[in-house]
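Engineer: Pasting a structure here, questions to come.
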Amino acid sequence: MPKVKTKPHSRQLRREGKGLGAGIRFNTGLGQHILKNPLIVNSIIEKAGLYPTDVVLEVGPGTGNMTVKMLEKVIACELDLKLAGELQKRVQGTPLANKLEIKIGDVLKSDLPFFDACVANLPYQISSPFVFKLLLHRPFFRCAVLMFQREFALRLVAKPGSPLYCRLSVNTQLLARVDHLMKVGKNNFKPPPKVESSVVRIEPKNPPPPVNFQEWDGLLRIVFVRKNKTLAAVFNSNAVKQLLEQNYRIHCSQNNLEIPEDFNIGTLVQGILKDTGYSEKRARVMDIDDFISVLHGFNAKGIHFS
């Protein structure tokens, strides 16, 4: 990601952004919906609990309405060269010029820099991949306060039994504490998006749970394809059995284990589910501890998901 260096200039900083963005055609295809309500901007920053020594990562800064109110060092990642230029002009000639570093490019395709906190009005189309890029990032950051599409935010915090409970919910809550902070109406943006929004705070669990995330996610991908079916029914699928048998044979080969001639993967899988007590359970009502028990049950018998 190339950097744009900000140079001192005599232009006075317009903190509330009046007049900024005038004449700019925002690209809604890139998720450019600028948060214009200063009260909400202030509230988001307040809930991040920033310290003067923090390095703050901001993704999609737009014209800088939130950027200029964060007095800490800010690394702003912007895909749009024109908006990056607007932000650069906004801080020229101000003390913030030396505290702002602009990186131009696709944040999903770039390595994240070191940061203490992430505060962003995120382009909604990158919400899911960016959340997991954040949660798998090392070294750990302290917290992230992010704007999401309302339904996506509610999926992040959904509990077992909720209609919105899904693989995203379980994966996120495995790796982090997630809290819904506030709702934000569409009229607080320019241009207004077609959907309502919400602000969420994410705090990664440090240390993380002792789970192989790739294998964990492999299990969840299977059980949440049909989350209303019993696990016995889900794992009776021919495609699932074929995948697990392939993984099992690889495991046996790597560990010099002999496979009996009458081996049947379906019998082994159903036996594991029965022994662990999860044959009749459904993913939509299972919590993190349940999934950990299922994963350990399979692993103990040499069945893996990655």
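Residues in the structure tokens are named by chain (A, B, ... in the order shown) and by number from 1 within that chain; ligands are numbered from 1 in the order shown.
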Residues near Thr67 in chain A, anyone? I mean within 12 Å using only C-alpha atoms, not counting same-chain ones fewer than 3 positions away, as a PyMOL selection string.

Structural biologist: chain A and resi 13-17+34-35+38+41-42+44-45+56-64+70-78+84+87-88+90-91+96-97+99-102+118-121

Engineer: For the strand (DSSP E or B) assignment from backbone DSSP, which residues of range 27-129 of chain A qualify? Please present them as an MDAnalysis selection string.

Structural biologist: chainID A and resid 34:35 55:59 73:78 100:104 117:121

Engineer: What does the distance from CA of Asp116 in chain A to CA of Val131 in chain A come to in Å, to one decimal?

Structural biologist: 15.5 Å

Engineer: Counting only C-alpha atoms, which of A:His304, A:Arg201, A:Arg177, A:Lys159 gets nearest to Ala283 in chain A?

Structural biologist: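 With only C-alpha atoms as the atom set, the closest residue is A:Lys159.
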